[in-house]
Structures are given as structure tokens and as C-alpha cells.
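Student: Dropping in entry.cif, which is mmCIF, C-alpha atoms:
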data_protein
loop_
_atom_site.label_atom_id
_atom_site.label_comp_id
_atom_site.auth_asym_id
_atom_site.auth_seq_id
_atom_site.Cartn_x
_atom_site.Cartn_y
_atom_site.Cartn_z
CA MET A 1022 0.00 0.00 0.00
CA SER A 1023 1.57 3.24 -1.01
CA ALA A 1024 1.79 6.16 1.25
CA ALA A 1025 0.65 9.46 -0.02
CA VAL A 1026 3.26 12.27 -0.13
CA THR A 1027 2.01 15.48 1.25
CA SER A 1028 3.71 18.84 0.30
CA PRO A 1029 3.87 21.86 2.58
CA PRO A 1030 1.29 24.47 1.94
CA THR A 1031 2.42 27.39 -0.23
CA THR A 1032 2.15 31.00 1.18
CA PHE A 1033 1.35 33.87 -1.14
CA PRO A 1034 2.60 37.49 -0.43
CA VAL A 1035 0.19 39.95 0.90
CA GLU A 1036 -1.21 42.04 -1.78
CA VAL A 1037 -0.14 45.73 -1.63
CA THR A 1038 -2.44 48.06 -3.23
CA SER A 1039 -1.31 51.06 -5.28
CA SER A 1040 -2.92 53.49 -2.94
CA GLU A 1041 -0.79 52.25 -0.03
CA VAL A 1042 2.39 52.53 -2.14
CA LEU A 1043 1.55 56.09 -3.10
CA SER A 1044 0.80 57.06 0.45
CA TRP A 1045 4.09 55.56 1.68
CA MET A 1046 6.11 57.37 -1.00
CA THR A 1047 4.36 60.60 -0.28
CA GLU A 1048 4.95 60.28 3.42
CA THR A 1049 8.61 59.36 2.92
CA ALA A 1050 9.14 62.29 0.54
CA LEU A 1051 7.45 64.64 2.96
CA ARG A 1052 9.63 63.43 5.81
CA VAL A 1053 12.77 63.77 3.74
CA GLY A 1054 11.72 67.22 2.54
CA VAL A 1055 10.85 68.46 5.99
CA ALA A 1056 14.14 67.16 7.38
CA GLY A 1057 16.05 68.84 4.54
CA VAL A 1058 14.24 72.12 4.99
CA VAL A 1059 14.77 72.09 8.73
CA GLY A 1060 18.46 71.24 8.32
CA GLY A 1061 18.89 73.98 5.69
CA ASP A 1062 17.22 76.55 7.91
CA GLN A 1063 19.52 75.66 10.79
CA ASP A 1064 22.58 75.99 8.57
CA LEU A 1065 21.36 79.34 7.31
CA LEU A 1066 20.74 80.53 10.83
CA LEU A 1067 24.24 79.48 11.88
CA GLN A 1068 25.78 81.24 8.90
CA GLN A 1069 23.80 84.38 9.58
CA GLN A 1070 24.83 84.32 13.22
CA GLN A 1071 28.47 83.92 12.23
CA GLN A 1072 28.19 86.77 9.73
CA GLN A 1073 26.56 88.99 12.31
CA GLN A 1074 29.28 88.17 14.82
CA GLU A 1075 31.95 88.89 12.23
CA GLU A 1076 30.28 92.17 11.30
CA GLU A 1077 29.93 93.15 14.93
CA GLY A 1078 33.56 92.24 15.57
CA GLY A 1079 34.65 94.27 12.53
CA GLN A 1080 32.60 97.24 13.65
CA GLN A 1081 34.02 97.01 17.15
CA GLN A 1082 37.54 96.76 15.75
CA HIS A 1083 36.86 99.72 13.46
CA HIS A 1084 35.48 101.75 16.36
CA THR A 1085 38.50 100.80 18.44
CA GLN A 1086 40.86 101.90 15.67
CA LEU A 1087 38.96 105.16 15.26
CA GLU A 1088 39.09 105.79 19.00
CA ARG A 1089 42.80 105.06 19.02
CA ARG A 1090 43.37 107.38 16.08
CA ASN A 1091 41.28 110.10 17.67
CA SER A 1092 43.05 109.73 21.00
CA SER A 1093 46.47 109.73 19.32
CA GLY A 1094 45.46 112.74 17.21
CA GLN A 1095 44.26 114.56 20.29
CA GLN A 1096 47.47 113.73 22.11
CA GLU A 1097 49.55 114.95 19.17
CA GLY A 1098 47.46 118.12 18.99
CA VAL A 1099 47.90 118.74 22.72
CA GLU A 1100 51.64 118.11 22.47
CA GLN A 1101 51.86 120.45 19.50
CA GLN A 1102 50.02 123.13 21.45
CA HIS A 1103 52.41 122.67 24.37
CA TRP A 1104 55.45 122.99 22.09
CA ASN A 1105 53.95 126.08 20.45
CA ARG A 1106 53.36 127.65 23.84
CA LEU A 1107 56.92 126.81 24.89
CA GLY A 1108 58.38 128.36 21.75
CA MET A 1109 56.21 131.44 22.14
CA LEU A 1110 57.22 131.72 25.79
CA LEU A 1111 60.93 131.58 24.91
CA LEU A 1112 60.50 134.15 22.13
CA VAL A 1113 58.54 136.61 24.26
CA SER A 1114 60.93 136.21 27.20
CA THR A 1115 63.95 136.82 24.95
CA LEU A 1116 62.40 139.93 23.41
CA ALA A 1117 61.48 141.25 26.85
CA ALA A 1118 65.03 140.74 28.18
CA LEU A 1119 66.71 142.23 25.11
CA GLY A 1120 64.35 145.20 24.94
CA THR A 1121 64.69 146.01 28.63
CA LEU A 1122 68.48 145.69 28.64
CA GLY A 1123 68.93 147.66 25.40
CA ASN A 1124 66.69 150.56 26.43
CA ILE A 1125 68.33 150.80 29.87
CA PHE A 1126 71.78 150.79 28.26
CA ALA A 1127 70.75 153.56 25.84
CA ILE A 1128 69.43 155.75 28.67
CA ALA A 1129 72.55 155.09 30.76
CA ALA A 1130 74.78 155.92 27.76
CA VAL A 1131 73.20 159.36 27.42
CA MET A 1132 73.73 159.95 31.14
CA THR A 1133 77.35 158.73 31.34
CA GLU A 1134 79.05 159.36 27.99
CA ASP A 1135 80.70 162.78 27.71
CA HIS A 1136 79.88 163.23 24.01
CA LEU A 1137 76.22 162.38 24.65
CA LYS A 1138 75.65 164.60 27.69
CA LYS A 1139 73.68 167.21 25.78
CA LYS A 1140 70.31 168.72 26.50
CA GLY A 1141 68.76 167.67 23.22
CA ASN A 1142 69.43 163.99 23.83
CA VAL A 1143 66.64 163.99 26.39
CA LEU A 1144 64.38 163.36 23.40
CA VAL A 1145 66.38 160.21 22.63
CA VAL A 1146 65.79 159.17 26.22
CA ASN A 1147 62.07 159.80 25.72
CA VAL A 1148 61.98 157.45 22.73
CA MET A 1149 63.81 154.81 24.79
CA LEU A 1150 61.27 155.26 27.59
CA ALA A 1151 58.46 154.53 25.14
CA GLY A 1152 60.20 151.29 24.16
CA LEU A 1153 60.78 150.48 27.82
CA VAL A 1154 57.03 150.75 28.47
CA VAL A 1155 56.43 147.95 25.94
CA SER A 1156 59.30 145.70 27.02
CA VAL A 1157 58.55 146.07 30.74
CA GLY A 1158 54.75 146.43 30.77
CA VAL A 1159 53.39 144.54 27.75
CA LEU A 1160 55.68 141.55 27.25
CA PRO A 1161 55.57 140.35 30.89
CA SER A 1162 51.77 140.28 30.65
CA TRP A 1163 52.11 138.03 27.57
CA VAL A 1164 54.43 135.75 29.54
CA VAL A 1165 51.88 135.52 32.35
CA SER A 1166 49.14 134.66 29.83
CA LEU A 1167 51.25 131.89 28.29
CA LEU A 1168 52.18 130.41 31.65
CA ALA A 1169 48.58 130.50 32.87
CA GLY A 1170 47.24 129.03 29.62
CA TRP A 1171 44.56 131.67 29.26
CA ALA A 1172 42.44 131.55 26.13
CA HIS A 1173 42.04 134.55 23.88
CA PRO A 1174 40.99 137.18 24.91
CA THR A 1175 43.07 137.12 28.07
CA PRO A 1176 42.27 139.14 31.21
CA VAL A 1177 45.37 141.32 30.60
CA CYS A 1178 44.63 141.92 26.92
CA CYS A 1179 43.07 145.34 27.39
CA ALA A 1180 45.90 146.60 29.62
CA SER A 1181 48.56 145.43 27.16
CA TRP A 1182 46.75 147.11 24.27
CA LEU A 1183 46.48 150.40 26.22
CA LEU A 1184 50.21 150.43 27.03
CA THR A 1185 51.20 149.54 23.46
CA THR A 1186 49.06 152.29 21.95
CA LEU A 1187 50.28 154.84 24.51
CA ALA A 1188 53.95 154.03 23.80
CA ALA A 1189 53.43 154.11 20.03
CA HIS A 1190 51.80 157.55 20.02
CA ALA A 1191 54.38 158.96 22.45
CA ALA A 1192 57.29 157.75 20.31
CA LEU A 1193 55.76 158.99 17.06
CA LEU A 1194 55.06 162.44 18.52
CA THR A 1195 58.63 162.68 19.87
CA LEU A 1196 60.37 161.91 16.55
CA PRO A 1197 59.61 165.32 14.88
CA SER A 1198 60.88 167.16 17.95
CA LEU A 1199 64.04 165.07 17.90
CA ALA A 1200 64.61 165.86 14.22
CA TRP A 1201 64.10 169.59 14.78
CA GLU A 1202 66.51 169.63 17.74
CA ASN A 1203 69.20 167.82 15.71
CA SER A 1204 68.80 170.34 12.92
CA ALA A 1205 69.15 173.26 15.35
CA ARG A 1206 72.20 171.69 16.98
CA VAL A 1207 73.94 171.15 13.65
CA ALA A 1208 73.17 174.74 12.66
CA GLY A 1209 74.72 176.04 15.85
CA ARG A 1210 71.53 176.94 17.69
CA SER A 1211 70.70 175.76 21.17
CA VAL A 1212 67.28 174.59 22.33
CA GLY A 1213 66.38 175.56 25.86
CA ILE A 1214 65.52 173.18 28.66
CA ALA A 1215 62.01 174.60 28.97
CA ALA A 1216 61.28 173.93 25.30
CA LEU A 1217 62.57 170.36 25.60
CA ALA A 1218 60.43 169.78 28.70
CA VAL A 1219 57.37 171.05 26.86
CA MET A 1220 58.08 168.70 23.93
CA VAL A 1221 58.37 165.67 26.21
CA GLY A 1222 55.26 166.58 28.21
CA VAL A 1223 53.14 167.28 25.12
CA SER A 1224 54.09 163.96 23.55
CA TRP A 1225 52.93 161.92 26.56
CA VAL A 1226 49.82 164.01 27.27
CA ALA A 1227 48.66 163.85 23.64
CA ALA A 1228 49.37 160.11 23.51
CA GLY A 1229 47.34 159.57 26.69
CA ILE A 1230 44.38 161.58 25.35
CA ILE A 1231 44.34 159.68 22.05
CA THR A 1232 44.56 156.28 23.76
CA PHE A 1233 41.89 157.10 26.33
CA THR A 1234 39.56 158.37 23.60
CA GLN A 1235 39.92 155.17 21.63
CA TRP A 1236 39.30 153.03 24.70
CA VAL A 1237 36.22 154.96 25.86
CA THR A 1238 34.49 155.48 22.52
CA GLY A 1239 35.44 152.11 21.01
CA LEU A 1240 36.12 153.73 17.64
CA ALA A 1241 39.30 151.72 17.07
CA PRO A 1242 39.54 147.94 17.39
CA VAL A 1243 41.77 146.36 19.98
CA HIS A 1244 43.42 142.97 20.23
CA CYS A 1245 40.61 141.69 22.40
CA THR A 1246 37.57 142.38 20.17
CA HIS A 1247 36.69 142.28 16.49
CA LEU A 1248 34.77 144.87 14.57
CA PRO A 1249 32.50 143.78 11.73
CA PHE A 1250 33.31 144.37 8.09
CA PRO A 1251 32.75 146.84 6.53
CA ARG A 1252 33.89 149.22 9.24
CA PRO A 1253 31.40 151.75 10.63
CA THR A 1254 31.45 155.28 9.30
CA ALA A 1255 32.51 156.72 12.67
CA HIS A 1256 35.47 154.34 12.79
CA THR A 1257 36.58 155.30 9.30
CA ALA A 1258 36.40 159.01 10.11
CA PHE A 1259 38.27 158.60 13.40
CA THR A 1260 41.09 156.49 11.98
CA SER A 1261 41.45 158.77 8.99
CA GLY A 1262 41.73 161.89 11.14
CA VAL A 1263 43.90 160.53 13.91
CA GLY A 1264 45.92 158.22 11.68
CA VAL A 1265 46.82 160.88 9.15
CA ALA A 1266 47.23 163.85 11.50
CA LEU A 1267 48.95 162.21 14.48
CA VAL A 1268 50.61 159.10 13.04
CA VAL A 1269 51.64 159.48 9.41
CA VAL A 1270 52.31 163.24 9.35
CA PRO A 1271 54.77 163.22 12.32
CA LEU A 1272 56.75 160.41 10.74
CA VAL A 1273 56.95 162.19 7.37
CA ILE A 1274 57.98 165.46 9.05
CA ALA A 1275 60.74 163.76 11.05
CA LEU A 1276 62.16 162.01 7.98
CA SER A 1277 62.09 165.23 5.94
CA ILE A 1278 63.92 167.28 8.60
CA HIS A 1279 66.59 164.61 9.08
CA LEU A 1280 67.21 164.36 5.34
CA HIS A 1281 67.42 168.16 4.98
CA THR A 1282 69.90 168.35 7.87
CA LEU A 1283 72.16 165.71 6.38
CA LEU A 1284 71.98 167.09 2.86
CA ALA A 1285 72.64 170.67 4.03
CA GLY A 1286 76.00 169.47 5.23
CA ARG A 1287 78.57 171.55 7.03
CA GLY A 1288 76.66 173.27 9.75
CA GLY A 1289 74.26 175.67 8.07
CA ASN A 1290 74.39 179.46 8.29
CA ARG A 1291 75.66 179.95 11.82
CA ARG A 1292 78.52 177.50 11.60
CA PRO A 1293 79.89 177.83 8.07
CA VAL A 1294 82.95 175.76 7.27
CA PRO A 1295 85.15 176.55 4.25
CA PRO A 1296 85.46 173.72 1.74
CA THR A 1297 89.20 173.45 2.31
CA MET A 1298 88.93 173.04 6.08
CA LYS A 1299 88.07 169.93 7.97
CA PRO A 1300 84.84 170.28 9.99
CA PRO A 1301 85.23 170.21 13.77
CA GLN A 1302 84.78 166.98 15.63
CA ALA A 1303 81.67 168.21 17.44
CA LEU A 1304 79.95 168.92 14.14
CA THR A 1305 81.01 165.54 12.77
CA ARG A 1306 79.58 163.79 15.81
CA ASP A 1307 76.33 165.76 15.55
CA LEU A 1308 75.93 164.82 11.89
CA ALA A 1309 76.67 161.18 12.70
CA LEU A 1310 74.04 161.22 15.45
CA THR A 1311 71.57 162.80 13.03
CA GLY A 1312 72.17 159.97 10.56
CA THR A 1313 71.59 157.40 13.30
CA ASN A 1314 68.38 159.17 14.33
CA LEU A 1315 67.26 159.05 10.70
CA VAL A 1316 67.72 155.27 10.61
CA VAL A 1317 65.88 154.87 13.93
CA THR A 1318 63.03 157.07 12.67
CA ALA A 1319 62.67 155.09 9.44
CA ALA A 1320 62.89 151.63 11.03
CA ALA A 1321 61.27 152.01 14.45
CA GLY A 1322 58.83 154.72 13.34
CA GLY A 1323 57.72 152.60 10.41
CA CYS A 1324 57.06 149.66 12.75
CA TRP A 1325 55.09 151.90 15.15
CA VAL A 1326 52.92 153.23 12.29
CA ALA A 1327 52.35 149.77 10.78
CA GLY A 1328 51.42 148.38 14.19
CA LEU A 1329 48.82 151.08 14.81
CA ALA A 1330 47.40 150.79 11.28
CA GLY A 1331 47.13 147.01 11.57
CA ASP A 1332 45.51 147.35 14.97
CA TRP A 1333 42.90 149.65 13.46
CA TRP A 1334 42.18 147.75 10.25
CA ALA A 1335 43.25 144.10 10.68
CA ASP A 1336 40.54 141.70 11.81
CA ASP A 1337 42.87 139.69 14.07
CA PRO A 1338 46.21 141.46 14.69
CA LEU A 1339 47.63 138.59 16.74
CA ARG A 1340 47.01 135.97 14.05
CA THR A 1341 48.23 138.15 11.19
CA GLY A 1342 51.38 139.14 13.09
CA VAL A 1343 50.71 142.89 13.07
CA ALA A 1344 50.73 143.01 16.86
CA TRP A 1345 54.44 142.07 16.85
CA LEU A 1346 55.53 145.24 14.99
CA PRO A 1347 55.42 147.60 18.03
CA ILE A 1348 57.42 145.01 19.99
CA VAL A 1349 60.05 144.92 17.24
CA ALA A 1350 60.20 148.72 17.26
CA ALA A 1351 60.61 148.86 21.04
CA THR A 1352 63.35 146.21 21.00
CA ALA A 1353 65.37 147.28 17.94
CA SER A 1354 65.65 151.03 18.60
CA SER A 1355 68.35 150.77 21.26
CA PHE A 1356 70.42 148.32 19.19
CA ILE A 1357 70.29 150.58 16.13
CA TYR A 1358 71.96 153.30 18.19
CA ALA A 1359 74.96 151.00 18.54
CA ALA A 1360 75.94 152.12 15.02
CA HIS A 1361 76.87 155.50 16.53
CA LYS A 1362 80.38 155.35 18.00
CA PRO A 1363 79.74 157.13 21.36
CA PHE A 1364 76.73 154.90 22.00
CA ARG A 1365 78.73 151.81 21.05
CA GLU A 1366 81.63 152.73 23.34
CA ALA A 1367 79.20 153.46 26.17
CA TYR A 1368 77.51 150.09 25.64
CA VAL A 1369 80.87 148.32 25.84
CA GLN A 1370 81.86 150.18 29.00
CA LEU A 1371 78.51 149.45 30.64
CA PHE A 1372 78.78 145.80 29.71
CA HIS A 1373 82.28 145.52 31.18
CA TYR A 1374 81.17 147.40 34.27
CA CYS A 1375 78.28 144.98 34.83
CA CYS A 1376 80.51 141.97 34.23
CA CYS A 1377 83.26 143.22 36.55
CA LYS A 1378 80.79 144.02 39.29
CA THR A 1379 79.13 140.62 39.09
CA SER A 1380 82.22 138.43 38.50
CA VAL A 1381 83.69 136.28 41.28
CA SER A 1382 87.42 135.62 41.39
CA LEU A 1383 88.38 132.09 42.45
CA SER A 1384 92.15 132.69 42.15
CA ARG A 1385 94.43 131.98 45.05
CA ARG A 1386 95.40 135.00 47.10
CA GLY A 1387 99.03 135.73 47.70
CA ARG A 1388 100.75 136.79 50.87
CA SER A 1389 99.55 139.84 52.70
CA GLY A 1390 102.65 141.85 51.90
CA ASP A 1391 102.48 141.10 48.20
CA ALA A 1392 98.77 141.93 48.14
CA ALA A 1393 99.34 145.24 49.90
CA ALA A 1394 102.15 146.14 47.52
CA ALA A 1395 100.07 145.27 44.48
CA ALA A 1396 97.15 147.32 45.80
CA ALA A 1397 99.39 150.31 46.46
CA ALA A 1398 100.90 150.06 42.96
CA ALA A 1399 97.45 149.88 41.38
CA ALA A 1400 96.27 152.92 43.34
CA ALA A 1401 99.33 154.88 42.34
CA ALA A 1402 98.89 153.96 38.68
CA ALA A 1403 95.26 155.03 38.79
CA ALA A 1404 96.09 158.36 40.39
CA ARG A 1405 98.92 159.16 37.99
CA PRO A 1406 97.98 161.11 34.83
CA ALA A 1407 98.30 159.35 31.51
CA SER A 1408 100.84 161.89 30.20
CA ASP A 1409 103.43 161.17 32.91
CA VAL A 1410 106.63 159.35 32.01
CA ARG A 1411 108.28 157.10 34.57
CA VAL A 1412 112.08 157.16 34.68
CA HIS A 1413 113.95 154.50 36.64
CA ILE A 1414 116.61 156.03 38.89
CA ILE A 1415 117.86 153.36 41.28
CA PRO A 1416 116.89 149.78 40.42
CA GLY A 1417 117.60 148.42 43.86
CA TYR A 1418 115.32 150.84 45.68
CA ASN A 1419 112.51 151.06 43.11
CA MET A 1420 112.58 154.85 42.96
CA TYR A 1421 110.84 156.69 40.15
CA THR A 1422 110.33 160.17 38.94
CA THR A 1423 107.64 161.45 36.63
CA ALA A 1424 107.41 164.13 34.02
CA ALA A 1425 104.93 166.00 36.17
CA ALA A 1426 107.66 166.65 38.72
CA ARG A 1427 110.31 167.81 36.23
CA ASP A 1428 110.05 171.40 37.50
CA HIS A 1429 110.48 170.35 41.12
CA ARG A 1430 113.93 168.86 41.61
CA PRO A 1431 114.25 167.13 44.99
CA PRO A 1432 116.93 168.66 47.19
CA ALA A 1433 120.18 166.72 47.55
CA HIS A 1434 121.46 165.72 50.94
CA ALA A 1435 124.30 167.78 52.37
CA HIS A 1436 126.60 164.86 53.12
CA VAL A 1437 126.21 163.25 49.70
CA LYS A 1438 128.28 164.67 46.88
CA ALA A 1439 127.10 163.97 43.40
CA PRO A 1440 129.80 162.90 40.96
CA ARG A 1441 130.81 165.49 38.44
CA SER A 1442 130.07 164.36 34.92
CA LYS A 1443 131.01 165.87 31.63
CA GLU A 1444 127.65 167.57 31.32
CA SER A 1445 128.05 169.22 34.70
CA ARG A 1446 131.44 170.66 33.70
CA ARG A 1447 129.93 172.44 30.73
CA PRO A 1448 129.09 176.12 31.24
CA LYS A 1449 125.49 176.81 31.99
CA HIS A 1450 123.50 178.86 29.54
CA HIS A 1451 121.66 181.99 30.48
CA HIS A 1452 118.20 180.79 29.47
CA LYS A 1453 117.97 179.01 32.83
CA LYS A 1454 117.17 175.55 31.58
CA ASP A 1455 117.17 172.93 34.32
CA VAL A 1456 119.67 170.12 33.98
CA TYR A 1457 118.93 166.82 35.72
CA GLU A 1458 121.62 164.33 36.62
CA LEU A 1459 120.36 160.78 36.66
#
Could you render the structure from this file as C-alpha cells?
Tutor:
Amino acid sequence: MSAAVTSPPTTFPVEVTSSEVLSWMTETALRVGVAGVVGGDQDLLLQQQQQQQEEEGGQQQHHTQLERRNSSGQQEGVEQQHWNRLGMLLLVSTLAALGTLGNIFAIAAVMTEDHLKKKGNVLVVNVMLAGLVVSVGVLPSWVVSLLAGWAHPTPVCCASWLLTTLAAHAALLTLPSLAWENSARVAGRSVGIAALAVMVGVSWVAAGIITFTQWVTGLAPVHCTHLPFPRPTAHTAFTSGVGVALVVVPLVIALSIHLHTLLAGRGGNRRPVPPTMKPPQALTRDLALTGTNLVVTAAAGGCWVAGLAGDWWADDPLRTGVAWLPIVAATASSFIYAAHKPFREAYVQLFHYCCCKTSVSLSRRGRSGDAAAAAAAAAAAAARPASDVRVHIIPGYNMYTTAAARDHRPPAHAHVKAPRSKESRRPKHHHKKDVYEL
């Protein structure tokens, strides 16, 4: 009997419908798309954050560089201002010292030098006093302003302007009087002390009235304020009247008189000198002083006039440099007088006198006897006239005779007999000439 072979049952796959496949694909695509979009958005956000951080860092770095540049620029500007102030301080201090020393030396030269001790030179002293007002009163106030660091306008600006204007008008009004006095001196005429005192007084009184009028009425600008452009009509009329009548005209008159005096030559009518004769030394010195006064009038007077004109018409005299012209005039006047020989010699003597009085000797002192002998010899040399001649008689005893005592022969001692020489044996003449035996 045959056994029946049984086979395992066959399994068929589960049927998948098309709708399920489509839904699975759609879902898978959606998931993949959403994941890609989300991942892309995160990457974009990260990139944007990095860019923002880089931009912020760049801006911060740029701001830091700008701040550093600004701070360094400010430091350089402050340092430059400090150096400018230091240079200005040195310049003003030097001008103040030179102007003060030069004007004092010029005044002392007129008082001490024999050739300058004349009545008319009081007008030269008056011009030096005007310069001394600027070098002593104006420049120290500038030094104080620079040391204090005051901004423009400074508290001392008005006072410095008043002193500068006063000195300028006083000097300009003195120059014609000085020229007229030089002309009279060369011509042989003498100007009285009363007339000279009136000239000096009128110059300072008129200068004070003009300066006070400008300050009260405000018709002329000062270093501390600025007038608008165009200038007011009252200002134009005032500057035209005062500037022409009391500034330009005195300078022109002084220059004309000095030139006429020099061109006229040998003393004028009262002191005529023949062409073949040499003029006297006094006349030569007077003409030389007139020439020096002409140079001072042209140089210093021109600076005074330019300073006043710039002060009246310049918008900012300090920035344009016009305010320095009166200072140059006050400083240079005394040094121009060094071209005149008596002034130059007086300057040298005053300089040596000041140096000798202030010098300290560190040399070793000798013995008391030697010092006393040297002092006695120096005193004797100072007391002896320059024309004396010293003749050595006895070397061992250091005995001398001078030419001043040639008419007073010392008596010989009774117990000493002088040796008879050949000259003593000669017969004496009747004209009673003294014969000395040495």
C-alpha cells in the first residue's frame, strides 16, 4: 500500500495596493523634505549668526581703531600746542630781556658818555622810555598769559593794548621834535631846557588823550575784540583823522627834517665851514648822530605806524602778526643806536662794568705783603695822569720820577756829593734851563 506524499502548503505574499504605495512614498518624501528644509534653515541661521558676529567684531575693531586714532590725534594736537606755547614763551621772554636791557643801556649811555651829555638827547631818552614801556609792561603780561594758559581774549589783553598804543603815540610824537633839535644843533643853535620839557610833556599828554579816547568810545579795534566788516562810518572818520594827522604826518615830518639836515652838510648858516677846512669833531659827531636818528626814525617809526594801522584795520592782529611790529620797534631802537660810536663805546663800558661788578674771582690769594704792595701800585697807577713818564733812577730801591715833577727837583742831601760828569762841567746857559743828573 503506497503512502501518499504530502507537500507543505504554499504562502502567497500579501497584496499591496497602489494606494498604499503612493501614500508611503508621499509620506517618505514629505519626511525627507521636511528634514532637509529644517536642516537647511539651521545651517542658514548658523551662517547668519556667524556673519553677524563677524560684522559686529569688525565694527568694534573699526570703532576701536577710530578711537585710538582720535586719541592719538588729540594727544599729538595737545603736544603740538604745548610745544607752540613753549616756543612762544621763549620768544617773548627773549624779546622782553633784550628790549629792557637795550633801552636801559641807551638811557645810561646818554647819562654817562661825555659826548652824549647834551640837552637835546633827552628826546632820545624819551623814545627809549616809550620802548621800555612795551618791554617792561606789555611783554611780561604776555608771559603771564602763556604760563597760565589763558584763552584769547586774556584778562590782561586790554591793559597790554592800552600800554602799546600809549607808547606808540608817544614815540611817534617825539620823533619830529628830535629831528628839529638835531637840525638846530647842527646849525649852531641851542634849544632851551624849557622847550625840551614842553616837547616831552606834550608827547605823553597827547598820547594819553588819544589812547583814552579810543578806549572809551570804542572807535578803534583792539586785540581783544573784532569789529564787523565793513567798518562803521565813525570808525573810518576817526582812523582817517587821527591816523593821518597824528601818526603818518609826524613820521613824514621827522624824515624830511633829518634828510634836509644831512643834505645841508657843514653846519648851516651859523657855523659855516670853508670847503678846504676839515669840519670840527663836534659837528662831525652831531651829523653822525643825526644819521643814526634818521635810521631809527625810518625803522622804528615805520614799525610803530604799521602796528597802529594794523591794529585799526586788521581783523585779528595777533594771528596776522601785526601786533608784533610795536614790539620789534621797542626792542630794535636801542640796538640801532649801537651804530653810533659814542653809543657803542658806552655800551661796551657798561657791559664791562656789569661783568666786573658781578664776577667772582676764584684765584688763590698771595701773601699779605704782596697783596698790599700790588694794591698800592694799582692805586698809584690810577692816580697818575696818563701823560706822565716814569724814569727809573735806582733799580735796587725802586725809585721813580715822573714828568709831572720835572720842575720840582728834589733837594740833595748835604753829606752826599754827586759825581761830576762831563755835562756838569759844561758852562750853563743863560736861558735858565734845568739840567737833571740821573
Student: Taking into account all atoms listed in the file, which residue in the set A:Leu1304, A:Ala1319, A:Ala1359, A:Ala1227 is nearest to A:Leu1196?
Tutor: A:Ala1319
Student: Just want the 10 Å neighbourhood of A:Met1109, counted on all atoms listed in the file, with same-chain residues fewer than 6 positions away dropped. Output as a list in words.
Tutor: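 Here the answer would be His1103, Thr1115, Trp1163, Val1164 and Leu1167 of chain A.
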Student: Using all atoms listed in the file, which protein or nucleic acid residues come within 7 Å of stretch 1311-1314 of chain A? Drop anything in the same chain fewer than 6 positions from it, and give the result as a ChimeraX atom specification.
Tutor: /A:1203,1279,1358,1361
Student: Store the residues of this selection in a file with C-alpha atoms, as a compact mmCIF listing (two decimals), keeping the file's coordinate frame.
Tutor:
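Listing of part_26.txt after writing:
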# COMPACT_ATOMS: atom_id res chain seq x y z
CA ASN A 1203 69.20 167.82 15.71
CA HIS A 1279 66.59 164.61 9.08
CA TYR A 1358 71.96 153.30 18.19
CA HIS A 1361 76.87 155.50 16.53
Student: Rounded to one decimal, what separation in Å do you get between atom CA of A:Val1207 and atom CA of A:Leu1371?
Tutor: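 Atom-to-atom, atom CA of A:Val1207 and atom CA of A:Leu1371 are spaced 27.9 Å apart.
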Student: When the PyMOL selection byres ((chain A and resi 1266-1277) around 8) is applied to the file above, which residues end up in the set, as a list in words?
Tutor: His1190, Leu1193, Leu1194, Leu1196, Pro1197, Ser1198, Leu1199, Ala1200, Trp1201, Gly1262, Val1263, Gly1264, Val1265, Ile1278, His1279, Leu1280, His1281, Leu1315, Thr1318, Ala1319, Gly1322, Gly1323 and Val1326 of chain A
Student: Residues at most 9 Å from A:Arg1306, counting all atoms listed in the file, excluding those fewer than 4 positions away in the same chain, as a list in words?
Tutor: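 Answer for this query is His1136, Pro1301, Gln1302, Leu1310, Thr1311, His1361, Lys1362 and Pro1363 of chain A.
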Student: Atom CA of A:Ala1129 to atom CA of A:Met1149: how many Å, to one decimal?
Tutor: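 Taking atom CA of A:Ala1129 as the start and atom CA of A:Met1149 as the end point, the length is 10.6 Å.
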Student: May I have a table of the residues of stretch 1160-1216 of chain A lying at most 9 Å from stretch 1338-1348 of chain A, giving each one's closest pair of atoms and their distance in Å to one decimal, counting only C-alpha atoms, ordered by chain and ascending residue number, as CSV?
Tutor:
residue,atom,partner,partner_atom,distance
A:Leu1160,CA,A:Ile1348,CA,8.2
A:Thr1185,CA,A:Pro1347,CA,7.1
A:Thr1186,CA,A:Pro1347,CA,8.8
A:Ala1188,CA,A:Pro1347,CA,8.8
A:Ala1189,CA,A:Pro1347,CA,7.1
Student: Report, in Å to a single decimal, how far apart atom CA of A:Thr1352 and atom CA of A:Ser1156 are.
Tutor: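 Atom CA of A:Thr1352 lies at a distance of 7.3 Å from atom CA of A:Ser1156.
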Student: Name the closest residue to A:Trp1171 among the candidates A:Ala1353, A:Val1219, A:Arg1106, A:Gln1101; distances are taken between atoms, counting only C-alpha atoms.
Tutor: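 Closest residue, counting only C-alpha atoms: A:Arg1106.
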Student: Find the residues near A:Tyr1368: any atom within 12 Å, counting only C-alpha atoms, skip ones fewer than 5 places away on the same chain, and give them as an MDAnalysis selection string.
Tutor: chainID A and resid 1122:1134 1355:1363 1373:1375
Student: List every protein, DNA or RNA residue that has an atom no more than 9 Å from (54.4, 160.1, 28.6) in the file's coordinate frame, counting all atoms listed in the file, and report them as a list in words.
Tutor: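 Looking at atoms near the point gives Asn1147, Leu1150, Ala1151, Leu1187, Ala1188, Ala1191, Val1221, Gly1222, Val1223, Ser1224, Trp1225, Val1226, Ala1227, Ala1228 and Gly1229 of chain A.
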Student: Go through A:Gln1235, A:Thr1246, A:Asn1142, A:Ile1230 one by one, measure the shortest atom-to-atom distance of each to A:Cys1178 using all atoms listed in the file, and give the residue with the smallest value.
Tutor: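 Under the stated criterion, the closest residue is A:Thr1246.
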Student: With all atoms listed in the file as the basis for distance, which of A:Val1177, A:Ser1204, A:Thr1195, A:Ser1211 is at the shortest distance from A:Cys1245?
Tutor: A:Val1177
Student: Step by step, gather every atom of stretch 1351-1354 of chain A that the file lists, find the box along x, y and z that holds them, add 3 Å on each side, and finally give centre and edge lengths in Å to one decimal, as lines of an AutoDock Vina configuration file.
Tutor:
center_x = 63.1
center_y = 148.6
center_z = 19.5
size_x = 11.0
size_y = 10.8
size_z = 9.1
Student: Residues picked by the PyMOL selection byres ((chain A and resi 1260) around 9) here, as a PyMOL selection string?
Tutor: chain A and resi 1240-1241+1255-1259+1261-1265+1330+1333-1334
Student: Please determine, counting all atoms listed in the file, which residue among A:Leu1168, A:Val1316, A:Cys1179, A:Ala1350 has the shortest atom-to-atom distance to A:Val1154.
Tutor: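 When distances to A:Val1154 are compared using all atoms listed in the file, the smallest one comes from A:Ala1350.
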